[in-house]
>>> print(open('query19.txt').read())   # compact mmCIF, C-alpha atoms
# COMPACT_ATOMS: atom_id res chain seq x y z
CA ARG Q 1 15.95 27.21 115.14
CA ILE Q 2 12.57 28.95 115.52
CA ASP Q 3 9.68 27.90 113.25
CA HIS Q 4 6.77 30.18 114.11
CA TYR Q 5 4.25 27.54 112.97
CA LEU Q 6 5.24 25.50 116.02
CA GLY Q 7 4.09 28.28 118.34
CA LYS Q 8 0.48 28.06 117.17
CA SER Q 9 -2.02 26.49 119.57
CA THR Q 10 -3.42 23.99 117.06
CA VAL Q 11 0.07 22.76 116.15
CA GLN Q 12 0.82 22.17 119.83
CA ASN Q 13 -2.58 20.49 120.13
CA ILE Q 14 -1.63 17.81 117.59
CA LEU Q 15 0.36 15.97 120.24
CA VAL Q 16 -2.30 16.44 122.92
CA LEU Q 17 -5.09 15.16 120.67
CA ARG Q 18 -3.01 12.14 119.70
CA PHE Q 19 -1.57 11.04 123.00
CA ALA Q 20 -4.06 12.28 125.62
CA ASN Q 21 -7.26 10.91 124.06
CA ILE Q 22 -8.12 7.23 123.81
CA LEU Q 23 -10.54 8.18 121.04
CA PHE Q 24 -7.64 8.99 118.68
CA HIS Q 25 -4.49 7.29 119.95
CA PRO Q 26 -5.48 3.69 119.03
CA VAL Q 27 -6.63 4.62 115.49
CA TRP Q 28 -3.73 6.91 114.53
CA ASN Q 29 -2.16 4.40 112.14
CA ALA Q 30 -2.41 2.62 108.80
CA ASP Q 31 -5.14 0.26 110.02
CA TYR Q 32 -7.62 3.13 110.24
CA ILE Q 33 -6.24 6.13 108.33
CA ASP Q 34 -6.56 6.18 104.55
CA HIS Q 35 -4.41 9.24 103.87
CA VAL Q 36 -3.29 12.58 105.28
CA GLN Q 37 -3.42 16.00 103.62
CA ILE Q 38 -1.33 18.98 104.74
CA THR Q 39 -2.09 22.30 103.07
CA ALA Q 40 -0.58 25.77 103.47
CA ALA Q 41 -2.24 28.16 101.03
CA GLU Q 42 -1.74 31.91 100.68
CA THR Q 43 -3.72 34.52 98.75
CA LEU Q 44 -0.77 36.92 98.54
CA GLY Q 45 1.98 36.79 95.96
CA VAL Q 46 5.65 37.34 96.63
CA GLU Q 47 5.02 41.01 97.56
CA ASN Q 48 8.31 42.60 98.68
CA ARG Q 49 10.17 39.27 98.97
CA ALA Q 50 10.81 38.77 95.24
CA GLY Q 51 14.58 39.07 95.57
CA TYR Q 52 14.68 36.19 98.04
CA TYR Q 53 11.78 34.18 96.70
CA ASP Q 54 12.89 34.02 93.07
CA LYS Q 55 16.13 32.40 94.20
CA ALA Q 56 14.57 30.07 96.77
CA GLY Q 57 11.20 28.94 95.43
CA LEU Q 58 8.30 27.48 97.34
CA VAL Q 59 9.81 24.09 98.20
CA ARG Q 60 12.73 25.70 100.02
CA ASP Q 61 10.46 28.36 101.53
CA MET Q 62 7.68 26.10 102.85
CA PHE Q 63 8.16 22.35 102.35
CA GLN Q 64 11.47 21.63 104.04
CA ASN Q 65 10.46 23.50 107.18
CA HIS Q 66 6.80 24.33 107.90
CA LEU Q 67 5.09 21.45 106.09
CA LEU Q 68 7.65 18.86 107.10
CA GLU Q 69 7.35 19.94 110.74
CA LEU Q 70 3.57 19.51 110.57
CA LEU Q 71 4.06 16.08 109.01
CA ALA Q 72 6.55 15.09 111.71
CA LEU Q 73 4.21 16.07 114.56
CA THR Q 74 1.33 14.24 112.88
CA ALA Q 75 3.27 11.06 112.11
CA MET Q 76 5.81 10.72 114.94
CA GLU Q 77 5.82 7.74 117.25
CA THR Q 78 4.87 8.15 120.90
CA PRO Q 79 7.81 9.93 122.57
CA THR Q 80 9.22 8.40 125.73
CA SER Q 81 8.24 11.62 127.52
CA PHE Q 82 7.18 15.16 126.71
CA ASP Q 83 10.60 16.68 127.21
CA ALA Q 84 12.52 18.43 124.46
CA ASP Q 85 14.96 15.64 123.58
CA ALA Q 86 12.31 12.92 123.39
CA VAL Q 87 9.96 14.96 121.18
CA GLN Q 88 12.79 16.16 118.94
CA GLN Q 89 14.09 12.62 118.50
CA ALA Q 90 10.65 11.29 117.60
CA LYS Q 91 10.28 13.98 114.93
CA LEU Q 92 13.73 13.26 113.54
CA ASP Q 93 12.97 9.54 113.28
CA VAL Q 94 9.88 10.26 111.16
CA ILE Q 95 11.69 12.58 108.76
CA ARG Q 96 14.47 10.03 108.29
CA ALA Q 97 11.83 7.38 107.52
CA ILE Q 98 10.29 9.35 104.62
CA ARG Q 99 10.93 7.56 101.35
CA PRO Q 100 13.29 9.54 99.05
CA PHE Q 101 11.85 11.05 95.88
CA PRO Q 102 12.37 8.83 92.80
CA LEU Q 103 14.62 11.08 90.74
CA ASP Q 104 13.97 9.11 87.56
CA ASP Q 105 10.21 9.66 87.96
CA ALA Q 106 9.91 12.72 90.20
CA GLY Q 107 6.94 14.04 88.22
CA SER Q 108 4.81 11.12 89.43
CA VAL Q 109 4.96 12.28 93.06
CA LEU Q 110 5.76 15.98 92.78
CA VAL Q 111 4.07 18.86 90.95
CA ARG Q 112 5.46 22.36 90.50
CA GLY Q 113 3.45 25.41 89.47
CA GLN Q 114 3.80 29.13 88.89
CA TYR Q 115 0.94 31.62 88.97
CA ARG Q 116 0.28 33.62 85.85
CA GLY Q 117 1.76 37.08 86.20
CA TYR Q 118 4.57 36.02 88.53
CA ARG Q 119 7.28 36.89 86.00
CA ALA Q 120 5.88 40.43 85.76
CA GLU Q 121 6.37 41.02 89.50
CA ARG Q 122 9.03 43.58 90.41
CA GLY Q 123 12.31 41.84 91.20
CA VAL Q 124 11.42 38.59 89.39
CA ALA Q 125 13.43 37.45 86.37
CA PRO Q 126 11.34 37.64 83.15
CA ASP Q 127 12.24 34.04 82.33
CA SER Q 128 11.98 32.74 85.90
CA ALA Q 129 11.40 29.02 86.37
CA THR Q 130 10.84 29.38 90.13
CA GLU Q 131 7.86 27.51 91.53
CA THR Q 132 5.21 29.41 93.48
CA PHE Q 133 3.20 26.22 94.07
CA ALA Q 134 4.14 22.66 94.86
CA ALA Q 135 2.28 19.47 95.68
CA ALA Q 136 3.86 16.20 96.72
CA LYS Q 137 3.00 12.66 97.71
CA LEU Q 138 5.21 11.30 100.49
CA LEU Q 139 5.37 7.82 101.95
CA ILE Q 140 6.78 6.92 105.36
CA ASP Q 141 8.55 3.59 105.63
CA SER Q 142 7.42 2.60 109.11
CA PRO Q 143 4.96 -0.02 110.40
CA ARG Q 144 2.58 2.68 111.64
CA TRP Q 145 2.26 4.40 108.26
CA ARG Q 146 3.00 1.67 105.74
CA GLY Q 147 0.98 2.38 102.59
CA VAL Q 148 -0.55 5.64 103.89
CA PRO Q 149 0.20 8.55 101.54
CA PHE Q 150 0.83 12.02 102.92
CA TYR Q 151 -0.21 14.66 100.40
CA LEU Q 152 1.40 18.07 100.87
CA ARG Q 153 0.61 21.26 98.96
CA SER Q 154 1.40 24.92 99.30
CA GLY Q 155 1.23 27.92 97.05
CA LYS Q 156 1.02 31.65 96.48
CA ARG Q 157 -1.96 33.50 94.98
CA LEU Q 158 -4.43 30.73 95.78
CA ALA Q 159 -8.16 30.92 96.47
CA ALA Q 160 -7.89 31.24 100.25
CA ARG Q 161 -5.41 31.74 103.05
CA THR Q 162 -5.53 28.55 105.05
CA THR Q 163 -3.25 26.02 106.72
CA THR Q 164 -4.76 22.67 107.68
CA VAL Q 165 -3.88 19.08 108.50
CA THR Q 166 -6.62 16.61 107.56
CA LEU Q 167 -6.60 12.93 108.46
CA ALA Q 168 -9.03 10.98 106.29
CA PHE Q 169 -10.08 7.72 107.91
CA LYS Q 170 -10.88 4.53 106.06
CA PRO Q 171 -14.55 3.76 105.34
CA SER Q 172 -16.47 1.93 108.01
CA ALA Q 173 -16.39 -1.85 107.68
CA SER Q 174 -20.08 -1.91 108.60
CA ARG Q 175 -22.56 -1.73 105.72
CA VAL Q 176 -25.68 -1.51 107.91
CA PHE Q 177 -26.46 1.94 106.51
CA GLY Q 178 -24.89 1.38 103.11
CA PRO Q 179 -21.82 3.17 101.76
CA SER Q 180 -20.94 6.45 103.43
CA ASP Q 181 -18.27 9.12 103.31
CA PRO Q 182 -15.26 8.43 105.53
CA ASP Q 183 -14.75 10.31 108.79
CA LYS Q 184 -12.21 13.14 108.77
CA LEU Q 185 -10.30 15.03 111.42
CA THR Q 186 -9.19 18.52 110.37
CA LEU Q 187 -6.76 20.62 112.38
CA ARG Q 188 -7.06 24.27 111.35
CA ILE Q 189 -3.71 25.98 111.92
CA GLN Q 190 -4.68 29.34 110.43
CA PRO Q 191 -6.38 31.71 110.10
CA ASP Q 192 -9.21 30.34 112.28
CA GLU Q 193 -7.39 28.02 114.70
CA GLY Q 194 -9.38 25.03 115.87
CA VAL Q 195 -10.31 21.39 115.32
CA CYS Q 196 -13.17 19.83 113.37
CA LEU Q 197 -14.19 16.16 113.45
CA HIS Q 198 -16.43 15.19 110.53
CA LEU Q 199 -18.65 12.23 111.45
CA GLN Q 200 -21.54 10.36 109.88
CA ALA Q 201 -24.77 11.02 111.76
CA LYS Q 202 -28.52 11.20 111.31
CA HIS Q 203 -29.79 14.53 110.08
CA PRO Q 204 -32.66 16.15 112.00
CA GLY Q 205 -36.12 15.15 110.84
CA PRO Q 206 -38.51 12.19 110.76
CA LYS Q 207 -36.63 10.25 108.06
CA LEU Q 208 -33.42 8.29 108.57
CA CYS Q 209 -31.16 10.48 106.46
CA ILE Q 210 -27.46 10.02 107.15
CA GLY Q 211 -24.74 12.46 106.21
CA GLU Q 212 -21.63 14.26 107.35
CA LEU Q 213 -22.00 16.42 110.46
CA PRO Q 214 -19.11 18.41 111.96
CA LEU Q 215 -18.11 18.55 115.61
CA SER Q 216 -15.80 21.52 115.98
CA PHE Q 217 -14.34 24.17 118.21
CA ARG Q 218 -12.40 27.39 117.64
CA TYR Q 219 -9.78 28.71 120.00
CA ALA Q 220 -11.24 32.20 119.52
CA ASP Q 221 -14.48 30.99 121.17
CA LEU Q 222 -12.64 29.47 124.12
CA ASP Q 223 -10.19 32.30 124.82
CA PRO Q 224 -10.31 35.28 122.43
CA ALA Q 225 -7.17 36.87 123.88
CA ALA Q 226 -5.09 33.70 123.65
CA ALA Q 227 -6.33 33.06 120.11
CA LYS Q 228 -4.77 36.36 119.00
CA ALA Q 229 -1.38 35.53 120.47
CA ASP Q 230 1.51 35.50 118.02
CA GLY Q 231 3.29 32.17 117.49
CA TYR Q 232 6.65 33.85 118.01
CA ALA Q 233 5.58 35.04 121.48
CA ARG Q 234 5.17 31.47 122.74
CA LEU Q 235 8.51 30.42 121.29
CA LEU Q 236 10.37 33.41 122.69
CA LEU Q 237 8.93 32.66 126.12
CA ASP Q 238 10.07 29.03 125.79
CA ALA Q 239 13.55 30.24 124.82
CA MET Q 240 13.76 32.34 127.97
CA LEU Q 241 12.65 29.31 129.99
CA HIS Q 242 15.22 27.08 128.20
CA ASP Q 243 12.43 24.82 126.91
CA HIS Q 244 13.40 23.63 123.41
CA THR Q 245 10.49 21.24 122.86
CA LEU Q 246 8.92 23.36 120.12
CA PHE Q 247 12.18 24.35 118.45
CA VAL Q 248 13.85 22.65 115.47
CA ARG Q 249 17.09 20.81 116.15
CA ASN Q 250 20.10 21.00 113.79
CA ASP Q 251 20.00 17.29 112.92
CA THR Q 252 16.31 17.63 112.02
CA ILE Q 253 17.12 20.53 109.70
CA ALA Q 254 19.87 18.43 108.10
CA ALA Q 255 17.48 15.50 107.61
CA SER Q 256 14.91 17.81 106.00
CA TRP Q 257 17.44 19.15 103.53
CA ALA Q 258 18.71 15.63 102.83
CA LEU Q 259 15.19 14.73 101.67
CA PHE Q 260 14.66 17.70 99.36
CA THR Q 261 18.16 18.63 98.14
CA PRO Q 262 18.52 15.73 95.65
CA VAL Q 263 15.28 16.58 93.86
CA LEU Q 264 16.03 20.33 93.92
CA GLU Q 265 19.42 19.67 92.33
CA HIS Q 266 17.80 17.30 89.83
CA TRP Q 267 15.46 20.10 88.68
CA GLN Q 268 18.47 22.33 88.03
CA ILE Q 269 20.10 19.70 85.84
CA ASN Q 270 16.97 18.34 84.17
CA PRO Q 271 14.01 20.80 84.31
CA PRO Q 272 11.68 18.60 82.18
CA ALA Q 273 11.82 15.95 84.92
CA CYS Q 274 9.30 18.03 86.86
CA PRO Q 275 7.80 20.66 84.55
CA LEU Q 276 6.41 23.99 85.70
CA HIS Q 277 2.61 24.22 85.35
CA ASP Q 278 0.76 27.53 85.04
CA TYR Q 279 -2.21 28.30 87.26
CA GLU Q 280 -4.61 31.20 87.56
CA PRO Q 281 -4.32 33.52 90.56
CA GLY Q 282 -7.26 32.91 92.90
CA SER Q 283 -7.54 29.23 91.95
CA ASP Q 284 -6.73 26.04 93.88
CA GLY Q 285 -3.50 25.61 91.92
CA PRO Q 286 -2.57 23.82 88.69
CA ALA Q 287 -4.69 20.99 87.31
CA ALA Q 288 -1.63 18.74 87.53
CA ALA Q 289 -1.91 18.86 91.34
CA ASP Q 290 -5.48 17.54 91.11
CA ALA Q 291 -4.26 14.79 88.80
CA LEU Q 292 -1.50 13.85 91.27
CA ILE Q 293 -3.98 12.90 93.99
CA ALA Q 294 -6.71 11.73 91.58
CA ARG Q 295 -4.42 8.97 90.33
CA ASP Q 296 -4.89 7.38 93.75
CA GLY Q 297 -8.67 7.81 93.65
CA ARG Q 298 -8.65 10.75 96.06
CA ALA Q 299 -9.26 14.51 95.93
CA TRP Q 300 -7.91 17.54 97.73
CA GLU Q 301 -9.93 19.13 100.49
CA GLY Q 302 -11.41 22.46 99.39
CA LEU Q 303 -9.40 25.56 100.23
CA VAL Q 304 -12.51 27.60 100.97
CA ILE Q 305 -14.25 26.08 104.01
>>> encode(input="query19.txt", output="structure tokens")
Amino acid sequence: RIDHYLGKSTVQNILVLRFANILFHPVWNADYIDHVQITAAETLGVENRAGYYDKAGLVRDMFQNHLLELLALTAMETPTSFDADAVQQAKLDVIRAIRPFPLDDAGSVLVRGQYRGYRAERGVAPDSATETFAAAKLLIDSPRWRGVPFYLRSGKRLAARTTTVTLAFKPSASRVFGPSDPDKLTLRIQPDEGVCLHLQAKHPGPKLCIGELPLSFRYADLDPAAAKADGYARLLLDAMLHDHTLFVRNDTIAASWALFTPVLEHWQINPPACPLHDYEPGSDGPAAADALIARDGRAWEGLVI
């Protein structure tokens, strides 16, 4: 199956950054990474997709495919080679290692929201309980990621259109310069594809003032023409060349649905298990999503960069 997210340069670059750079490969694990955030935010509403969207909802539309694929590429083990079967198997192993949602306490790790005015959209049921926003905390039961939460969120009518993967590193063990903000690596998938590494460094000037300084690049600066290429174009070319590395295999799709189907069915039977929270269009989502990550002493990265 084609997932157009996988045709984007920054998505493909996840594997290159991880496995081709000694700077990142040794620290890409629970010893050094505090948590991971994956965000896919949209400013648009359902537009002309209301007939489909009101039946599907955001979790089916975004989580079980796009966000889970980004998680798999970020968290997979080193493949035996960079051929299609090896990469696909490594992604499948990660998805199968994700801890199932606790159905008796789904609200503790999953938040659903609906933007105000959604029920007034043409084609939407006036009493619709379909989510247009979701946030989740996932844990991967593997030695590499033991205890590292992966926070996922996606929504319609949010403050900005952006898709990012951010790895937040643990604080430095050194206290020579006192407490400092942790380093972060942000992969910008859209709209401004690129990579940004946030480091602690001395600010310019005569005094020793330390703070966060970004090291970043944008694909548009390196190759403007390539940066405008459509993700589908790369995947269609791969299909013609019989290269399935960036495609989604049937067993991976089945594993994705196996993760989300129980909680989706649980909502149908018992809606109060994961209530629907209102949020204002143009915001970062419902306050309950902030509370989800705040319970762990963390906060979401800002949507507007």
>>> atom_distance(input="query19.txt", atom1="CA of Phe82 in chain Q", atom2="CA of Arg96 in chain Q")
20.5 Å
>>> residues_around(input="query19.txt", residues="Asp31 in chain Q", least_positions_apart="6", cutoff="10 Å", atoms="only C-alpha atoms", output="JSON, numbers by chain")
{"Q": [144, 145, 146, 147, 148, 169, 170]}
>>> write_last_selection(input="query19.txt", atoms="C-alpha atoms", output="mmCIF file, keeping the file's coordinate frame")
data_model
loop_
_atom_site.group_PDB
_atom_site.id
_atom_site.type_symbol
_atom_site.label_atom_id
_atom_site.label_comp_id
_atom_site.auth_asym_id
_atom_site.auth_seq_id
_atom_site.Cartn_x
_atom_site.Cartn_y
_atom_site.Cartn_z
ATOM 1 C CA ARG Q 144 2.580 2.680 111.640
ATOM 2 C CA TRP Q 145 2.260 4.400 108.260
ATOM 3 C CA ARG Q 146 3.000 1.670 105.740
ATOM 4 C CA GLY Q 147 0.980 2.380 102.590
ATOM 5 C CA VAL Q 148 -0.550 5.640 103.890
ATOM 6 C CA PHE Q 169 -10.080 7.720 107.910
ATOM 7 C CA LYS Q 170 -10.880 4.530 106.060
#
>>> atom_distance(input="query19.txt", atom1="CA of Glu42 in chain Q", atom2="CA of Tyr151 in chain Q")
17.3 Å
>>> closest_residue(input="query19.txt", among="Q:Pro262, Q:Pro281, Q:Pro275, Q:Gly302", to="Phe101 in chain Q", atoms="only C-alpha atoms")
Q:Pro262
>>> residues_around(input="query19.txt", residues="range 131-134 of chain Q", least_positions_apart="2", cutoff="6 Å", atoms="all atoms listed in the file", output="PDB file with C-alpha atoms, in the frame of the given file")
ATOM      1  CA  GLY Q  57      11.200  28.940  95.430  1.00  0.00           C
ATOM      2  CA  LEU Q  58       8.300  27.480  97.340  1.00  0.00           C
ATOM      3  CA  VAL Q 111       4.070  18.860  90.950  1.00  0.00           C
ATOM      4  CA  ARG Q 112       5.460  22.360  90.500  1.00  0.00           C
ATOM      5  CA  GLY Q 113       3.450  25.410  89.470  1.00  0.00           C
ATOM      6  CA  GLN Q 114       3.800  29.130  88.890  1.00  0.00           C
ATOM      7  CA  ARG Q 153       0.610  21.260  98.960  1.00  0.00           C
ATOM      8  CA  SER Q 154       1.400  24.920  99.300  1.00  0.00           C
ATOM      9  CA  GLY Q 155       1.230  27.920  97.050  1.00  0.00           C
ATOM     10  CA  LYS Q 156       1.020  31.650  96.480  1.00  0.00           C
TER      11      LYS Q 156
END
>>> residues_around(input="query19.txt", residues="Leu67 in chain Q", least_positions_apart="5", cutoff="10 Å", atoms="only C-alpha atoms", output="list in words")
Tyr5, Ile38, Thr39, Ala40, Val59, Asp61, Met62, Ala72, Leu152, Arg153, Ser154, Thr163 and Val165 of chain Q
